[in-house]
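So this block is work-v2.tsv, TSV, C-alpha atoms and all ligand atoms:
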chain	number	residue	atom	x	y	z
P	3	MET	CA	3.13	50.62	-107.40
P	4	THR	CA	4.64	53.16	-109.75
P	5	ILE	CA	6.81	51.59	-112.36
P	6	LEU	CA	9.42	53.42	-114.36
P	7	ILE	CA	10.97	51.13	-116.90
P	8	ASP	CA	13.74	52.19	-119.24
P	9	GLN	CA	13.97	50.49	-122.57
P	10	PRO	CA	15.94	47.36	-121.78
P	11	ALA	CA	18.85	46.57	-124.06
P	12	PHE	CA	18.41	42.85	-123.57
P	13	GLY	CA	15.60	40.51	-124.30
P	14	ILE	CA	13.40	42.74	-126.42
P	15	ASP	CA	13.10	42.93	-130.17
P	16	GLY	CA	15.21	45.53	-131.93
P	17	ASP	CA	12.20	47.61	-132.83
P	18	GLY	CA	11.15	47.79	-129.22
P	19	GLU	CA	8.05	45.77	-129.95
P	20	LYS	CA	7.27	43.89	-126.81
P	21	LYS	CA	5.17	41.25	-128.45
P	22	TYR	CA	6.83	37.91	-128.99
P	23	SER	CA	8.85	37.05	-131.97
P	24	ASN	CA	10.79	33.94	-132.80
P	25	ASN	CA	13.43	36.04	-134.49
P	26	GLU	CA	15.19	37.57	-131.58
P	27	ASN	CA	18.59	36.30	-132.57
P	28	GLU	CA	20.43	39.55	-133.00
P	29	GLY	CA	23.92	38.53	-132.03
P	30	ASN	CA	25.76	38.08	-128.79
P	31	LEU	CA	26.02	40.81	-126.25
P	32	SER	CA	29.43	41.21	-124.62
P	33	LEU	CA	29.41	42.41	-121.08
P	34	GLU	CA	32.30	43.88	-119.12
P	35	GLY	CA	35.01	41.42	-118.16
P	36	GLY	CA	34.48	39.29	-121.24
P	37	PHE	CA	31.21	37.82	-120.01
P	38	VAL	CA	29.15	36.89	-123.03
P	39	VAL	CA	25.41	36.68	-123.03
P	40	PRO	CA	24.14	34.08	-125.50
P	41	ASP	CA	21.55	34.64	-128.18
P	42	ALA	CA	18.71	33.93	-125.83
P	43	ASN	CA	16.23	35.97	-123.96
P	44	ALA	CA	16.67	36.36	-120.25
P	45	PHE	CA	14.79	33.20	-119.50
P	46	GLY	CA	16.68	31.27	-122.15
P	47	HIS	CA	13.88	30.78	-124.61
P	48	THR	CA	14.84	32.79	-127.67
P	49	PHE	CA	14.41	30.06	-130.20
P	50	ARG	CA	10.98	28.92	-129.19
P	51	ASP	CA	10.09	27.90	-132.72
P	52	TYR	CA	8.08	24.78	-132.11
P	53	ASN	CA	7.58	24.13	-135.80
P	54	ALA	CA	11.25	24.14	-136.64
P	55	GLU	CA	12.98	20.92	-137.50
P	56	SER	CA	15.38	19.81	-134.81
P	57	GLU	CA	16.50	16.62	-133.17
P	58	ARG	CA	14.62	17.46	-130.04
P	59	GLN	CA	11.40	18.49	-131.71
P	60	LYS	CA	9.78	15.11	-131.36
P	61	GLY	CA	10.84	14.83	-127.74
P	62	VAL	CA	9.42	18.26	-127.03
P	63	GLU	CA	6.10	17.34	-128.62
P	64	ASN	CA	5.93	14.13	-126.59
P	65	PHE	CA	6.70	16.16	-123.52
P	66	TYR	CA	3.75	18.48	-124.17
P	67	ARG	CA	1.45	15.58	-124.92
P	68	SER	CA	2.06	14.18	-121.42
P	69	ASN	CA	1.94	17.64	-119.87
P	70	HIS	CA	-1.39	18.56	-121.43
P	71	ILE	CA	-3.03	15.23	-120.64
P	72	HIS	CA	-2.00	15.08	-116.98
P	73	GLN	CA	-2.17	18.68	-115.75
P	74	THR	CA	-5.65	18.77	-114.23
P	75	VAL	CA	-7.30	20.66	-111.38
P	76	ASP	CA	-7.06	17.58	-109.16
P	77	PHE	CA	-3.40	17.08	-109.95
P	78	VAL	CA	-2.49	20.72	-109.29
P	79	ILE	CA	-4.34	20.75	-105.96
P	80	LYS	CA	-2.54	17.56	-104.94
P	81	MET	CA	0.88	18.94	-105.89
P	82	ARG	CA	0.32	22.30	-104.18
P	83	GLU	CA	-0.71	20.48	-101.03
P	84	GLU	CA	2.24	18.11	-101.11
P	85	TYR	CA	4.95	20.60	-102.08
P	86	GLY	CA	3.44	23.40	-100.03
P	87	LYS	CA	4.63	21.56	-96.93
P	88	LEU	CA	8.19	22.62	-97.84
P	89	ASP	CA	9.49	19.56	-96.04
P	90	LYS	CA	11.81	18.12	-98.67
P	91	VAL	CA	15.27	19.56	-98.09
P	92	GLU	CA	16.83	22.62	-96.52
P	93	MET	CA	19.65	24.28	-98.45
P	94	GLY	CA	21.18	27.60	-99.39
P	95	ILE	CA	20.58	29.39	-102.66
P	96	TRP	CA	24.06	28.77	-104.09
P	97	GLU	CA	23.94	25.10	-103.12
P	98	CYS	CA	20.63	24.89	-104.97
P	99	CYS	CA	22.08	26.69	-108.01
P	100	GLU	CA	24.78	24.03	-108.22
P	101	LEU	CA	22.26	21.24	-107.71
P	102	LEU	CA	20.20	22.59	-110.57
P	103	ASN	CA	22.98	21.64	-112.97
P	104	GLU	CA	21.85	18.03	-112.62
P	105	VAL	CA	18.45	18.85	-114.12
P	106	ILE	CA	17.85	18.59	-117.86
P	107	ASP	CA	14.94	20.57	-119.30
P	108	GLU	CA	13.31	18.35	-121.94
P	109	SER	CA	10.73	20.98	-122.81
P	110	ASP	CA	13.15	23.34	-124.47
P	111	PRO	CA	14.20	22.42	-128.00
P	112	ASP	CA	17.35	24.52	-127.96
P	113	LEU	CA	18.59	25.19	-124.48
P	114	ASP	CA	21.81	23.22	-124.16
P	115	GLU	CA	23.71	25.38	-121.73
P	116	PRO	CA	24.16	24.21	-118.14
P	117	GLN	CA	21.37	25.51	-115.96
P	118	ILE	CA	23.73	27.39	-113.67
P	119	GLU	CA	25.07	29.39	-116.61
P	120	HIS	CA	21.55	30.32	-117.57
P	121	LEU	CA	20.90	31.61	-114.05
P	122	LEU	CA	24.10	33.64	-113.91
P	123	GLN	CA	23.73	35.06	-117.40
P	124	THR	CA	20.15	36.03	-116.71
P	125	ALA	CA	21.10	37.78	-113.48
P	126	GLU	CA	24.11	39.50	-115.07
P	127	ALA	CA	22.11	40.73	-118.03
P	128	ILE	CA	19.43	42.14	-115.77
P	129	ARG	CA	22.04	43.72	-113.49
P	130	LYS	CA	23.61	45.49	-116.44
P	131	ASP	CA	20.32	46.99	-117.57
P	132	TYR	CA	18.85	47.62	-114.14
P	133	PRO	CA	21.82	48.19	-111.82
P	134	ASN	CA	19.73	49.71	-109.05
P	135	GLN	CA	17.01	47.05	-108.92
P	136	ASP	CA	18.82	44.54	-106.72
P	137	TRP	CA	15.60	42.58	-106.15
P	138	LEU	CA	15.39	42.01	-109.89
P	139	HIS	CA	18.92	40.57	-109.98
P	140	LEU	CA	17.97	38.12	-107.25
P	141	THR	CA	14.71	37.28	-108.99
P	142	ALA	CA	16.66	36.44	-112.13
P	143	LEU	CA	19.17	34.32	-110.23
P	144	ILE	CA	16.57	32.16	-108.51
P	145	HIS	CA	13.78	32.08	-111.10
P	146	ASP	CA	14.47	28.48	-112.21
P	147	LEU	CA	15.59	26.91	-108.94
P	148	GLY	CA	12.23	25.17	-108.59
P	149	LYS	CA	13.34	22.73	-111.29
P	150	VAL	CA	15.01	20.71	-108.53
P	151	ILE	CA	11.66	18.95	-107.99
P	152	ASN	CA	12.80	16.74	-110.86
P	153	LEU	CA	15.60	15.37	-108.65
P	154	PRO	CA	15.28	12.35	-106.30
P	155	ILE	CA	15.72	14.33	-103.09
P	156	PHE	CA	12.81	16.56	-104.12
P	157	GLY	CA	10.50	13.72	-105.16
P	158	SER	CA	11.61	12.90	-108.73
P	159	LEU	CA	8.63	14.53	-110.41
P	160	PRO	CA	8.41	13.75	-114.13
P	161	GLN	CA	9.48	16.41	-116.61
P	162	TRP	CA	5.88	17.24	-117.53
P	163	ALA	CA	5.30	18.30	-113.89
P	164	VAL	CA	8.45	20.40	-113.70
P	165	VAL	CA	9.18	22.36	-116.86
P	166	GLY	CA	7.52	23.72	-119.99
P	167	ASP	CA	4.96	26.44	-120.53
P	168	THR	CA	2.40	26.83	-117.77
P	169	PHE	CA	-1.31	27.66	-118.06
P	170	PRO	CA	-4.40	27.93	-115.85
P	171	VAL	CA	-6.41	24.83	-115.03
P	172	GLY	CA	-10.07	25.04	-114.02
P	173	CYS	CA	-11.07	27.01	-117.12
P	174	ALA	CA	-10.80	26.53	-120.88
P	175	PHE	CA	-7.31	25.97	-122.24
P	176	ASP	CA	-6.52	28.90	-124.51
P	177	GLU	CA	-5.67	28.04	-128.11
P	178	SER	CA	-2.43	30.00	-127.92
P	179	ILE	CA	-0.94	27.37	-125.61
P	180	VAL	CA	1.75	25.41	-127.40
P	181	HIS	CA	0.56	22.03	-128.78
P	182	HIS	CA	-3.00	22.85	-127.74
P	183	LYS	CA	-4.41	19.83	-129.58
P	184	TYR	CA	-3.30	17.45	-126.81
P	185	PHE	CA	-5.71	19.03	-124.35
P	186	THR	CA	-8.53	17.03	-125.94
P	187	LYS	CA	-7.25	14.07	-123.91
P	188	ASN	CA	-7.19	16.03	-120.66
P	189	PRO	CA	-10.20	14.91	-118.56
P	190	ASP	CA	-10.86	18.53	-117.51
P	191	SER	CA	-11.66	19.34	-121.13
P	192	GLN	CA	-14.80	17.21	-120.80
P	193	ASN	CA	-15.83	18.74	-117.47
P	194	PRO	CA	-18.45	21.47	-117.96
P	195	ALA	CA	-17.32	23.14	-114.72
P	196	TYR	CA	-13.83	23.58	-116.10
P	197	ASN	CA	-14.14	23.99	-119.84
P	198	THR	CA	-15.70	27.44	-120.19
P	199	LYS	CA	-13.87	30.74	-120.61
P	200	HIS	CA	-14.11	31.61	-116.91
P	201	GLY	CA	-14.51	28.08	-115.55
P	202	ILE	CA	-14.27	28.19	-111.75
P	203	TYR	CA	-13.00	31.79	-111.71
P	204	LYS	CA	-14.57	35.24	-111.63
P	205	GLU	CA	-13.79	38.07	-114.02
P	206	ALA	CA	-10.65	39.99	-112.92
P	207	CYS	CA	-10.23	37.76	-109.87
P	208	GLY	CA	-6.46	38.09	-110.02
P	209	LEU	CA	-3.96	35.41	-111.02
P	210	ASP	CA	-3.26	34.67	-107.39
P	211	LYS	CA	-6.69	33.03	-107.27
P	212	VAL	CA	-6.00	30.97	-110.36
P	213	LEU	CA	-4.59	27.44	-110.22
P	214	MET	CA	-1.69	27.16	-112.62
P	215	SER	CA	-0.42	23.92	-114.13
P	216	TRP	CA	2.14	22.53	-111.70
P	217	GLY	CA	5.82	23.09	-112.29
P	218	HIS	CA	8.98	24.83	-111.15
P	219	ASP	CA	7.50	28.34	-111.31
P	220	ASP	CA	4.78	27.83	-108.73
P	221	TYR	CA	7.03	25.70	-106.55
P	222	MET	CA	9.73	28.37	-106.35
P	223	TYR	CA	7.04	30.94	-105.58
P	224	MET	CA	5.87	28.76	-102.68
P	225	VAL	CA	9.43	28.32	-101.43
P	226	ALA	CA	10.01	32.09	-101.51
P	227	LYS	CA	6.72	32.85	-99.76
P	228	GLY	CA	7.23	30.08	-97.21
P	229	ASN	CA	10.64	31.45	-96.33
P	230	LYS	CA	9.23	34.95	-95.85
P	231	THR	CA	11.02	36.46	-98.80
P	232	THR	CA	11.47	40.22	-98.92
P	233	LEU	CA	11.16	40.22	-102.71
P	234	PRO	CA	8.53	42.69	-103.90
P	235	SER	CA	5.28	41.59	-105.52
P	236	ALA	CA	6.76	42.04	-109.00
P	237	GLY	CA	9.65	39.69	-108.18
P	238	LEU	CA	7.30	37.00	-106.95
P	239	PHE	CA	5.04	37.52	-109.96
P	240	THR	CA	8.01	37.09	-112.29
P	241	ILE	CA	9.10	33.86	-110.60
P	242	ARG	CA	5.57	32.49	-110.57
P	243	TYR	CA	4.51	33.30	-114.12
P	244	HIS	CA	7.67	33.37	-116.22
P	245	SER	CA	6.58	30.19	-118.06
P	246	PHE	CA	3.02	31.44	-118.55
P	247	TYR	CA	3.65	32.28	-122.21
P	248	ALA	CA	-0.03	32.30	-123.18
P	249	MET	CA	-0.39	35.31	-120.87
P	250	HIS	CA	2.85	37.25	-121.31
P	251	LYS	CA	3.46	36.31	-124.95
P	252	SER	CA	0.01	35.98	-126.46
P	253	GLY	CA	-2.03	38.22	-124.17
P	254	ALA	CA	-4.46	35.44	-123.25
P	255	TYR	CA	-6.30	35.19	-119.93
P	256	GLN	CA	-6.43	38.95	-119.40
P	257	HIS	CA	-9.99	38.51	-118.13
P	258	LEU	CA	-8.56	36.80	-115.04
P	259	MET	CA	-5.96	39.48	-114.27
P	260	ASN	CA	-6.40	42.30	-111.77
P	261	GLU	CA	-4.64	45.65	-111.64
P	262	GLU	CA	-1.72	44.39	-109.61
P	263	ASP	CA	-1.12	41.62	-112.17
P	264	ILE	CA	-1.11	44.14	-114.99
P	265	ASP	CA	1.31	46.32	-113.05
P	266	ASN	CA	3.61	43.39	-112.31
P	267	LEU	CA	3.48	42.16	-115.88
P	268	LYS	CA	5.57	45.17	-116.92
P	269	TRP	CA	8.46	43.76	-114.94
P	270	LEU	CA	8.02	40.26	-116.25
P	271	GLN	CA	8.15	41.69	-119.78
P	272	ILE	CA	11.74	42.74	-119.10
P	273	PHE	CA	12.74	39.10	-119.06
P	274	LYS	CA	11.35	38.38	-122.50
W	1	FE	FE	14.90	30.29	-117.14
W	2	FE	FE	11.88	28.61	-115.94

Same coordinates, now as structure tokens:
Amino acid sequence: MTILIDQPAFGIDGDGEKKYSNNENEGNLSLEGGFVVPDANAFGHTFRDYNAESERQKGVENFYRSNHIHQTVDFVIKMREEYGKLDKVEMGIWECCELLNEVIDESDPDLDEPQIEHLLQTAEAIRKDYPNQDWLHLTALIHDLGKVINLPIFGSLPQWAVVGDTFPVGCAFDESIVHHKYFTKNPDSQNPAYNTKHGIYKEACGLDKVLMSWGHDDYMYMVAKGNKTTLPSAGLFTIRYHSFYAMHKSGAYQHLMNEEDIDNLKWLQIFK
């Protein structure tokens, strides 16, 4: 796929540097009609400063402790099998957007806005910068809908199995993953089949072959695929890996990526 990407005006550092920074707060962006985009990147994670003092900091750290201990190969396989059935509920996209408002994301130290606002602001910001990429607007609108698995009608999964940064299981946990120290208590860390650089995977096998920690990203990907979405590969990639910060922020796990992943990553970068 040929990709032509203009310099986005939203979600990228002022100097155009696409690497991550925790200092992306460069003021609000007013859109036409008085719509105001907050000081957050497109996925709502501008202030991802995990060392900063805040009321939620402790809660966030506890969240990652549970997440890192429980996200194992066995758990991910079980969840993919269970949720891959797509037999929970049938509903429209807008209905799901409204339902999402009932979900609170305990993994984010700063995101206080209602979820539905985050979805709309993300989609609007992307639409402004990429008016002709309608698939990208839709991708932005639905990227977080998978968080509904936290709600009773979708199985009441605990927060650690719904939100937060995602990462591969079945190979060594990269040190760039937030609160990496808690992986020492993950049983997979002691398993010689899983704790090497490549683990159960082959060089450049492609992320599609890699089991990711279970959460809303992979679930929404499965929902889209299962409903025969017409979104292009880059849209699905963005939905599936938008919380995979070790990859798209820190550049980790490149040895598992194939050419299509690298191509698609350019679109995911737009959301940063
Ligand atoms: Fe988001
Ligand atoms: Fe998300």

Excluding Met222 of chain P and any residue of its chain fewer than 5 positions from it, enumerate the residues within 12 Å of it, using only C-alpha atoms, and give them as a PyMOL selection string.
chain P and resi 82+85-86+88+95+98+141+143-151+164+216-217+227-229+231+237-244

Do you have the atom CA of Asn266 of chain P-atom CA of Pro234 of chain P distance handy?
9.8 Å

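Coordinates place atom CA of Met224 of chain P at a distance of 24.0 Å from atom CA of Ser68 of chain P.
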
From the set P:Asn134, P:Asn64, P:Gln117, P:Ser56, which residue has the shortest atom-to-atom contact distance to ligand FE 2 (chain W), counting all atoms listed in the file?
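Once distances to ligand FE 2 (chain W) are computed over all atoms listed in the file, the minimum belongs to P:Gln117.
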
Taking all atoms listed in the file into account, name the residue in P:Glu84, P:Glu97, P:Asp167, P:Asp114 that is nearest to ligand FE 2 (chain W).
P:Asp167

Figure out the distance between atom CA of Lys251 of chain P and atom CA of Ala174 of chain P, please, to one decimal in Å.
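Calculated distance between atom CA of Ala174 of chain P and atom CA of Lys251 of chain P is 17.8 Å.
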
Taking all atoms listed in the file into account, which of P:Met81, P:Ile155, P:Ile118, P:Ile179 comes nearest Met93 of chain P?
P:Ile155
